[in-house]
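Novice: This is structure08.cif (mmCIF, C-alpha atoms).
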data_start
#
loop_
_atom_site.label_atom_id
_atom_site.label_comp_id
_atom_site.auth_asym_id
_atom_site.auth_seq_id
_atom_site.Cartn_x
_atom_site.Cartn_y
_atom_site.Cartn_z
CA MET D 13 105.56 104.59 105.21
CA SER D 14 109.35 104.95 105.39
CA CYS D 15 111.96 102.75 107.03
CA TYR D 16 114.87 104.45 108.80
CA ILE D 17 118.15 103.15 110.13
CA ARG D 18 118.06 104.55 113.64
CA GLY D 19 121.24 103.13 115.15
CA TYR D 20 124.39 101.14 114.44
CA GLY D 21 126.56 98.84 116.54
CA ALA D 22 129.62 96.63 116.18
CA ALA D 23 131.78 94.20 118.13
CA LEU D 24 135.23 92.73 117.56
CA PRO D 25 137.23 90.08 119.41
CA ARG D 26 140.33 91.24 121.27
CA HIS D 27 142.76 88.84 119.58
CA VAL D 28 144.50 90.43 116.57
CA VAL D 29 146.04 87.97 114.09
CA THR D 30 148.64 89.51 111.77
CA ASN D 31 149.82 88.15 108.43
CA THR D 32 153.17 87.45 110.05
CA GLU D 33 151.45 85.16 112.55
CA LEU D 34 149.16 83.45 110.04
CA ALA D 35 151.48 83.01 107.05
CA PRO D 36 153.65 80.15 108.43
CA LEU D 37 150.54 78.05 109.08
CA LEU D 38 149.42 78.50 105.48
CA GLY D 39 152.85 77.98 103.94
CA VAL D 40 152.99 81.44 102.33
CA ALA D 41 154.76 84.74 102.91
CA PRO D 42 153.05 87.57 104.82
CA GLU D 43 153.52 89.81 101.78
CA TRP D 44 151.69 87.28 99.60
CA ILE D 45 148.58 87.50 101.80
CA GLU D 46 148.47 91.30 101.63
CA ALA D 47 149.18 91.37 97.89
CA ASN D 48 146.40 88.87 97.10
CA SER D 49 143.77 90.05 99.58
CA GLY D 50 144.58 93.55 100.76
CA ILE D 51 144.36 92.22 104.33
CA CYS D 52 147.05 93.04 106.91
CA GLU D 53 145.36 91.69 110.02
CA ARG D 54 142.10 90.18 111.26
CA ARG D 55 140.42 89.45 114.60
CA TRP D 56 139.78 85.94 115.93
CA VAL D 57 137.61 84.92 118.88
CA ASP D 58 138.99 83.17 121.93
CA ALA D 59 138.23 79.48 122.46
CA ASP D 60 135.40 80.20 124.89
CA GLN D 61 133.80 82.99 122.82
CA THR D 62 130.81 82.27 120.57
CA THR D 63 129.26 83.95 117.58
CA SER D 64 126.23 84.89 119.64
CA ASP D 65 128.51 86.61 122.19
CA LEU D 66 129.73 88.93 119.42
CA ALA D 67 126.19 89.44 118.15
CA VAL D 68 124.84 90.39 121.57
CA ALA D 69 127.57 93.01 122.04
CA ALA D 70 126.81 94.50 118.61
CA VAL D 71 123.05 94.55 119.20
CA ARG D 72 123.46 96.25 122.59
CA ASP D 73 125.74 98.82 120.97
CA ALA D 74 123.17 99.48 118.22
CA LEU D 75 120.28 99.83 120.68
CA ASN D 76 122.31 102.30 122.72
CA ASP D 77 123.18 104.31 119.60
CA ALA D 78 119.52 104.34 118.55
CA GLY D 79 118.25 105.36 121.96
CA THR D 80 115.99 102.32 121.81
CA SER D 81 115.30 99.86 124.63
CA ALA D 82 115.23 96.09 124.14
CA GLU D 83 111.55 96.13 125.14
CA GLN D 84 110.75 98.18 122.03
CA VAL D 85 112.11 95.62 119.56
CA ASP D 86 109.37 93.78 117.62
CA TYR D 87 111.50 91.50 115.44
CA LEU D 88 115.06 90.14 115.56
CA ILE D 89 116.80 89.01 112.37
CA GLY D 90 120.15 87.24 112.65
CA CYS D 91 122.57 86.58 109.79
CA THR D 92 125.43 84.09 110.09
CA LEU D 93 127.12 81.09 108.48
CA SER D 94 128.97 80.20 111.70
CA PRO D 95 126.25 79.78 114.35
CA ASP D 96 126.83 78.53 117.87
CA TYR D 97 125.02 75.29 116.96
CA GLN D 98 123.44 73.64 113.94
CA VAL D 99 120.15 73.86 115.86
CA PRO D 100 118.86 76.16 117.34
CA GLY D 101 119.58 79.22 115.26
CA ILE D 102 121.60 82.14 116.55
CA ALA D 103 118.73 84.66 116.76
CA PRO D 104 116.89 82.92 119.64
CA LEU D 105 120.18 82.70 121.57
CA VAL D 106 120.78 86.42 121.10
CA GLN D 107 117.20 87.16 122.14
CA ARG D 108 117.71 85.15 125.35
CA LYS D 109 120.94 86.95 126.22
CA ILE D 110 119.55 90.48 125.86
CA ASP D 111 117.85 91.63 129.05
CA GLY D 112 114.38 93.01 128.44
CA CYS D 113 113.87 91.47 125.01
CA ARG D 114 110.31 90.18 124.78
CA ASN D 115 109.08 86.93 123.20
CA ILE D 116 109.35 88.38 119.72
CA PRO D 117 110.00 86.52 116.45
CA ALA D 118 113.71 85.73 116.17
CA ILE D 119 114.87 84.19 112.89
CA ASP D 120 118.10 83.27 111.12
CA LEU D 121 119.07 84.08 107.53
CA ARG D 122 121.77 81.99 105.87
CA ALA D 123 122.75 83.91 102.77
CA GLY D 124 126.50 84.43 103.11
CA CYS D 125 127.99 87.82 102.39
CA ALA D 126 124.70 89.29 101.12
CA ALA D 127 122.74 88.22 104.22
CA ILE D 128 122.55 91.68 105.79
CA LEU D 129 120.92 93.03 102.61
CA TYR D 130 118.33 90.26 102.82
CA GLY D 131 117.84 91.19 106.47
CA LEU D 132 117.37 94.87 105.63
CA GLN D 133 114.87 93.99 102.89
CA LEU D 134 112.86 91.80 105.26
CA ALA D 135 112.98 94.43 108.00
CA ARG D 136 111.89 97.15 105.60
CA SER D 137 108.96 95.03 104.44
CA LEU D 138 107.87 94.32 108.02
CA ILE D 139 107.98 98.01 108.91
CA GLU D 140 106.33 99.32 105.75
CA SER D 141 103.54 96.73 106.02
CA LYS D 142 102.99 97.81 109.67
CA SER D 143 103.79 94.30 110.90
CA ALA D 144 106.55 95.78 113.07
CA HIS D 145 107.59 99.18 114.35
CA THR D 146 111.19 98.41 115.33
CA VAL D 147 113.39 95.65 113.90
CA VAL D 148 116.97 94.73 114.79
CA CYS D 149 119.18 93.09 112.14
CA PHE D 150 122.59 91.72 112.99
CA GLY D 151 125.34 89.92 111.17
CA ALA D 152 127.92 87.93 113.13
CA GLU D 153 130.66 85.46 112.27
CA ALA D 154 133.26 83.42 114.14
CA GLN D 155 134.70 81.86 110.99
CA SER D 156 138.13 81.36 112.54
CA LYS D 157 136.90 78.28 114.40
CA GLY D 158 136.17 76.51 111.11
CA LEU D 159 139.26 77.41 109.08
CA ASP D 160 141.59 74.79 107.65
CA LEU D 161 144.92 76.32 108.68
CA GLN D 162 147.03 74.39 106.19
CA PRO D 163 148.72 75.29 102.87
CA ARG D 164 146.01 73.46 100.89
CA SER D 165 143.50 76.09 102.04
CA ALA D 166 145.70 79.18 102.02
CA GLU D 167 143.62 81.12 99.46
CA LEU D 168 140.49 80.74 101.59
CA SER D 169 141.80 80.73 105.14
CA MET D 170 143.71 84.00 104.70
CA LEU D 171 140.44 85.86 104.10
CA PHE D 172 138.25 85.25 107.12
CA GLY D 173 138.09 86.97 110.48
CA ASP D 174 135.49 87.32 113.20
CA GLY D 175 133.19 90.15 114.20
CA ALA D 176 129.62 91.41 114.35
CA GLY D 177 127.53 94.37 113.31
CA ALA D 178 123.94 95.39 114.02
CA VAL D 179 121.40 97.99 112.94
CA VAL D 180 118.15 99.20 114.48
CA LEU D 181 115.44 99.98 111.94
CA SER D 182 112.27 101.88 112.73
CA ARG D 183 109.29 103.73 111.29
CA GLU D 184 110.69 106.81 113.01
CA SER D 185 114.05 108.43 112.35
CA LYS D 186 116.41 109.32 115.12
CA PRO D 187 116.22 112.99 116.20
CA ILE D 188 118.94 114.69 114.18
CA ASP D 189 121.87 116.51 115.72
CA LYS D 190 123.13 118.19 112.55
CA ALA D 191 126.65 118.40 113.89
CA ARG D 192 126.87 114.64 114.45
CA HIS D 193 124.15 112.71 112.61
CA CYS D 194 122.42 112.48 109.28
CA LEU D 195 119.04 111.03 108.36
CA VAL D 196 119.36 107.49 106.94
CA ARG D 197 116.30 106.19 105.11
CA ILE D 198 116.22 102.97 103.09
CA ASP D 199 114.87 103.90 99.66
CA ASP D 200 115.64 100.79 97.63
CA ILE D 201 117.39 97.42 97.78
CA LEU D 202 118.41 95.25 94.84
CA ILE D 203 119.21 91.58 95.52
CA GLU D 204 119.64 88.72 93.06
CA THR D 205 120.78 85.10 93.25
CA ASP D 206 122.56 83.18 90.48
CA GLY D 207 122.36 79.57 91.62
CA ARG D 208 124.65 78.35 88.82
CA PHE D 209 127.62 79.33 90.97
CA ALA D 210 126.23 78.25 94.35
CA GLU D 211 128.93 75.64 94.98
CA ASP D 212 131.91 77.83 94.10
CA LEU D 213 132.19 78.66 97.80
CA ILE D 214 131.09 75.69 99.87
CA VAL D 215 131.28 73.81 103.17
CA ARG D 216 130.03 70.34 102.29
CA ALA D 217 129.59 68.79 105.73
CA PRO D 218 127.40 68.42 107.66
CA GLY D 219 124.94 68.05 104.81
CA THR D 220 122.32 65.69 103.42
CA ALA D 221 124.14 65.51 100.06
CA ASN D 222 126.90 63.45 101.68
CA GLY D 223 125.38 59.98 101.49
CA ALA D 224 123.63 58.03 104.22
CA ARG D 225 124.78 60.30 107.06
CA TRP D 226 125.10 64.06 107.01
CA PHE D 227 128.43 63.78 108.85
CA ASP D 228 130.60 60.79 109.72
CA ALA D 229 134.22 59.78 110.29
CA GLU D 230 135.01 59.63 106.56
CA HIS D 231 133.81 63.20 106.05
CA LEU D 232 135.99 64.28 108.94
CA ALA D 233 139.05 62.44 107.61
CA THR D 234 138.70 63.93 104.13
CA GLY D 235 138.10 67.46 105.39
CA LEU D 236 134.59 67.95 104.02
CA HIS D 237 133.78 70.10 107.05
CA TYR D 238 136.29 72.71 105.85
CA GLY D 239 135.39 75.36 103.32
CA SER D 240 136.61 75.32 99.73
CA MET D 241 136.44 78.02 97.09
CA GLN D 242 136.83 78.53 93.36
CA GLY D 243 138.48 81.86 93.99
CA ARG D 244 138.73 83.17 90.43
CA SER D 245 135.07 82.41 89.74
CA VAL D 246 133.88 84.03 92.98
CA ILE D 247 135.86 87.22 92.36
CA LEU D 248 134.85 87.43 88.70
CA GLN D 249 131.15 86.99 89.44
CA ALA D 250 131.28 89.47 92.32
CA VAL D 251 132.95 92.19 90.25
CA ARG D 252 130.56 91.79 87.35
CA LYS D 253 127.35 91.50 89.34
CA LEU D 254 128.06 94.20 91.93
CA ALA D 255 128.97 96.77 89.28
CA ASP D 256 125.85 95.91 87.27
CA ALA D 257 123.64 96.08 90.36
CA ALA D 258 125.02 99.49 91.31
CA ILE D 259 124.21 100.87 87.89
CA ARG D 260 120.71 99.37 87.75
CA ILE D 261 119.63 100.49 91.22
CA THR D 262 120.69 104.07 90.54
CA GLU D 263 118.99 104.10 87.13
CA ARG D 264 115.68 102.81 88.47
CA ASN D 265 115.72 105.53 91.14
CA GLY D 266 116.53 108.32 88.71
CA ILE D 267 119.97 108.97 90.19
CA SER D 268 123.10 109.55 88.12
CA LEU D 269 126.44 108.11 89.25
CA ASP D 270 127.75 111.67 89.46
CA GLU D 271 125.31 112.32 92.32
CA ILE D 272 126.75 109.57 94.52
CA ASP D 273 128.91 110.95 97.34
CA VAL D 274 129.84 107.76 99.18
CA VAL D 275 130.12 104.12 98.12
CA ILE D 276 130.69 101.50 100.84
#
Please lay out the structure from this file as structure tokens.

Specialist:
Amino acid sequence: MSCYIRGYGAALPRHVVTNTELAPLLGVAPEWIEANSGICERRWVDADQTTSDLAVAAVRDALNDAGTSAEQVDYLIGCTLSPDYQVPGIAPLVQRKIDGCRNIPAIDLRAGCAAILYGLQLARSLIESKSAHTVVCFGAEAQSKGLDLQPRSAELSMLFGDGAGAVVLSRESKPIDKARHCLVRIDDILIETDGRFAEDLIVRAPGTANGARWFDAEHLATGLHYGSMQGRSVILQAVRKLADAAIRITERNGISLDEIDVVI
């Protein structure tokens, strides 16, 4: 049994933050941000906007694109590292906000940048095992609310913006209009974890590795609730592992690199 991506959706906040606006907060030049990241601008949520708000907009967009109603969804998989709350997860909040969504399983995945691939793998397994017919996966972040906007965190804080994306997966493909659509079937997914580098990109608090309390005044004063990154290590590992994964997944599917038309 095959698993098809039937529809896509996305959502972005209205507020555009340019390098010119961000650079003075981080103590760097706007040109330095673009030269070191390739980023010219990013979107940030308003104070009263939540991660689940972005996710709901993306999921609704994906359902509309798929021609699928909320009542048809059997499973909801949410991916984020910036949820509305520590508890509950974001997926039940999104389920509650979408009219017509039944009392289906709604779970969170916390796997950082690779989370949507984990979500697609789980969705594919649910569909191919006949445990579900239609699954919605979404990824959403409102990282701007947790950034340390000071020079000490310039290399990390320049990178993150806010937004959401969603996909509808199904046993059945969307009817194809050859002028506008193509058939998208998930054939294979390759995911690996190398825990040796797990703390190279980290937000330490709240957390049970912080002593007697998972968050207290000392953690707040020392900035443990802000992210920190070993940038050179993260980039080096990403370049090596992504290139290797691309080669291995094509080889195990009998595809040469010359046959690849699009890489995203």

Novice: Restricting the calculation to only C-alpha atoms: of D:Ile247, D:Met241, D:Val148, D:Ala82, which residue gets closest to Arg216 in chain D?

Specialist: D:Met241

Novice: Rounded to one decimal in Å, what is the spacing between CA of Ala41 in chain D and CA of Met170 in chain D?

Specialist: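 According to the coordinates, CA of Ala41 in chain D and CA of Met170 in chain D are separated by 11.2 Å.
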
Novice: Would you please work out which residue, of D:Ala217, D:Asn48, D:Val180, D:Ala67, is nearest to Gly235 in chain D when using all atoms listed in the file?

Specialist: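 With all atoms listed in the file as the atom set, the closest residue is D:Ala217.
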
Novice: Once the PyMOL selection byres ((chain D and resi 254-268) around 12) is applied to the coordinates I shared, what remains selected? I want it as JSON, numbers by chain.

Specialist: {"D": [126, 199, 200, 201, 202, 203, 204, 205, 246, 247, 248, 249, 250, 251, 252, 253, 269, 270, 271, 272, 273, 275, 276]}

Novice: One decimal, Å: what's the distance from CA of Arg244 in chain D over to CA of Ala47 in chain D, could you say?

Specialist: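 These two atoms are separated by 15.2 Å.
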
Novice: Interatomic distance between CA of Val179 in chain D and CA of Tyr20 in chain D?

Specialist: 4.6 Å

Novice: Identify, on the basis of only C-alpha atoms, every residue whose closest approach to range 110-125 of chain D does not exceed 8 Å; exclude the query and any residue fewer than 6 positions from it along the same chain; express the result as a list in words.

Specialist: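 Answer for this query is Val68, Arg72, Ser81, Ala82, Glu83, Gln84, Val85, Asp86, Tyr87, Leu88, Ile89, Gly90, Cys91, Thr92, Leu93, Gly101, Ile102, Ala103, Pro104 and Gly131 of chain D.
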
Novice: Going by the chain IDs and residue numbers used in this file, which residues fall under the PyMOL selection byres ((chain D and resi 57) around 9)? Write them as JSON, numbers by chain.

Specialist: {"D": [24, 25, 26, 27, 55, 56, 58, 59, 60, 61, 62, 63, 66, 154, 155, 156, 157, 173, 174, 175]}

Novice: Using only C-alpha atoms for the distances, tell me which of D:Val28, D:Val106, D:Ala135, D:Ala23 is nearest to Asp73 in chain D.

Specialist: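 The closest residue to Asp73 in chain D is D:Ala23.
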
Novice: With N, CA, C and O atoms as the target, complete range 229-244 of chain D and hand it back as a PDB file, keeping the file's coordinate frame.

Specialist:
ATOM      1  N   ALA D 229     132.765  59.796 110.139  1.00  0.00           N
ATOM      2  CA  ALA D 229     134.220  59.780 110.290  1.00  0.00           C
ATOM      3  C   ALA D 229     134.936  59.993 108.964  1.00  0.00           C
ATOM      4  O   ALA D 229     135.993  60.632 108.907  1.00  0.00           O
ATOM      5  N   GLU D 230     134.377  59.463 107.875  1.00  0.00           N
ATOM      6  CA  GLU D 230     135.010  59.630 106.560  1.00  0.00           C
ATOM      7  C   GLU D 230     134.993  61.098 106.132  1.00  0.00           C
ATOM      8  O   GLU D 230     135.977  61.615 105.586  1.00  0.00           O
ATOM      9  N   HIS D 231     133.882  61.772 106.384  1.00  0.00           N
ATOM     10  CA  HIS D 231     133.810  63.200 106.050  1.00  0.00           C
ATOM     11  C   HIS D 231     134.839  63.990 106.837  1.00  0.00           C
ATOM     12  O   HIS D 231     135.477  64.905 106.318  1.00  0.00           O
ATOM     13  N   LEU D 232     135.015  63.611 108.092  1.00  0.00           N
ATOM     14  CA  LEU D 232     135.990  64.280 108.940  1.00  0.00           C
ATOM     15  C   LEU D 232     137.409  64.041 108.428  1.00  0.00           C
ATOM     16  O   LEU D 232     138.223  64.974 108.327  1.00  0.00           O
ATOM     17  N   ALA D 233     137.701  62.795 108.067  1.00  0.00           N
ATOM     18  CA  ALA D 233     139.050  62.440 107.610  1.00  0.00           C
ATOM     19  C   ALA D 233     139.408  63.119 106.300  1.00  0.00           C
ATOM     20  O   ALA D 233     140.576  63.461 106.066  1.00  0.00           O
ATOM     21  N   THR D 234     138.433  63.319 105.441  1.00  0.00           N
ATOM     22  CA  THR D 234     138.700  63.930 104.130  1.00  0.00           C
ATOM     23  C   THR D 234     138.522  65.443 104.127  1.00  0.00           C
ATOM     24  O   THR D 234     138.697  66.085 103.088  1.00  0.00           O
ATOM     25  N   GLY D 235     138.174  66.007 105.275  1.00  0.00           N
ATOM     26  CA  GLY D 235     138.100  67.460 105.390  1.00  0.00           C
ATOM     27  C   GLY D 235     136.883  68.108 104.767  1.00  0.00           C
ATOM     28  O   GLY D 235     136.923  69.300 104.440  1.00  0.00           O
ATOM     29  N   LEU D 236     135.785  67.366 104.626  1.00  0.00           N
ATOM     30  CA  LEU D 236     134.590  67.950 104.020  1.00  0.00           C
ATOM     31  C   LEU D 236     133.955  69.039 104.890  1.00  0.00           C
ATOM     32  O   LEU D 236     133.146  69.824 104.406  1.00  0.00           O
ATOM     33  N   HIS D 237     134.335  69.079 106.163  1.00  0.00           N
ATOM     34  CA  HIS D 237     133.780  70.100 107.050  1.00  0.00           C
ATOM     35  C   HIS D 237     134.521  71.428 106.927  1.00  0.00           C
ATOM     36  O   HIS D 237     134.134  72.412 107.556  1.00  0.00           O
ATOM     37  N   TYR D 238     135.595  71.460 106.124  1.00  0.00           N
ATOM     38  CA  TYR D 238     136.290  72.710 105.850  1.00  0.00           C
ATOM     39  C   TYR D 238     135.750  73.356 104.583  1.00  0.00           C
ATOM     40  O   TYR D 238     135.273  72.669 103.669  1.00  0.00           O
ATOM     41  N   GLY D 239     135.849  74.655 104.510  1.00  0.00           N
ATOM     42  CA  GLY D 239     135.390  75.360 103.320  1.00  0.00           C
ATOM     43  C   GLY D 239     136.343  75.192 102.159  1.00  0.00           C
ATOM     44  O   GLY D 239     137.544  74.961 102.325  1.00  0.00           O
ATOM     45  N   SER D 240     135.800  75.307 100.953  1.00  0.00           N
ATOM     46  CA  SER D 240     136.610  75.320  99.730  1.00  0.00           C
ATOM     47  C   SER D 240     136.027  76.361  98.785  1.00  0.00           C
ATOM     48  O   SER D 240     134.829  76.651  98.824  1.00  0.00           O
ATOM     49  N   MET D 241     136.877  76.917  97.928  1.00  0.00           N
ATOM     50  CA  MET D 241     136.440  78.020  97.090  1.00  0.00           C
ATOM     51  C   MET D 241     137.110  77.981  95.725  1.00  0.00           C
ATOM     52  O   MET D 241     138.305  77.708  95.619  1.00  0.00           O
ATOM     53  N   GLN D 242     136.302  78.241  94.693  1.00  0.00           N
ATOM     54  CA  GLN D 242     136.830  78.530  93.360  1.00  0.00           C
ATOM     55  C   GLN D 242     137.049  80.030  93.298  1.00  0.00           C
ATOM     56  O   GLN D 242     136.184  80.794  92.884  1.00  0.00           O
ATOM     57  N   GLY D 243     138.234  80.446  93.761  1.00  0.00           N
ATOM     58  CA  GLY D 243     138.480  81.860  93.990  1.00  0.00           C
ATOM     59  C   GLY D 243     138.297  82.744  92.779  1.00  0.00           C
ATOM     60  O   GLY D 243     137.673  83.810  92.856  1.00  0.00           O
ATOM     61  N   ARG D 244     138.818  82.333  91.639  1.00  0.00           N
ATOM     62  CA  ARG D 244     138.730  83.170  90.430  1.00  0.00           C
ATOM     63  C   ARG D 244     137.279  83.363  90.014  1.00  0.00           C
ATOM     64  O   ARG D 244     136.873  84.462  89.609  1.00  0.00           O
TER      65      ARG D 244
END
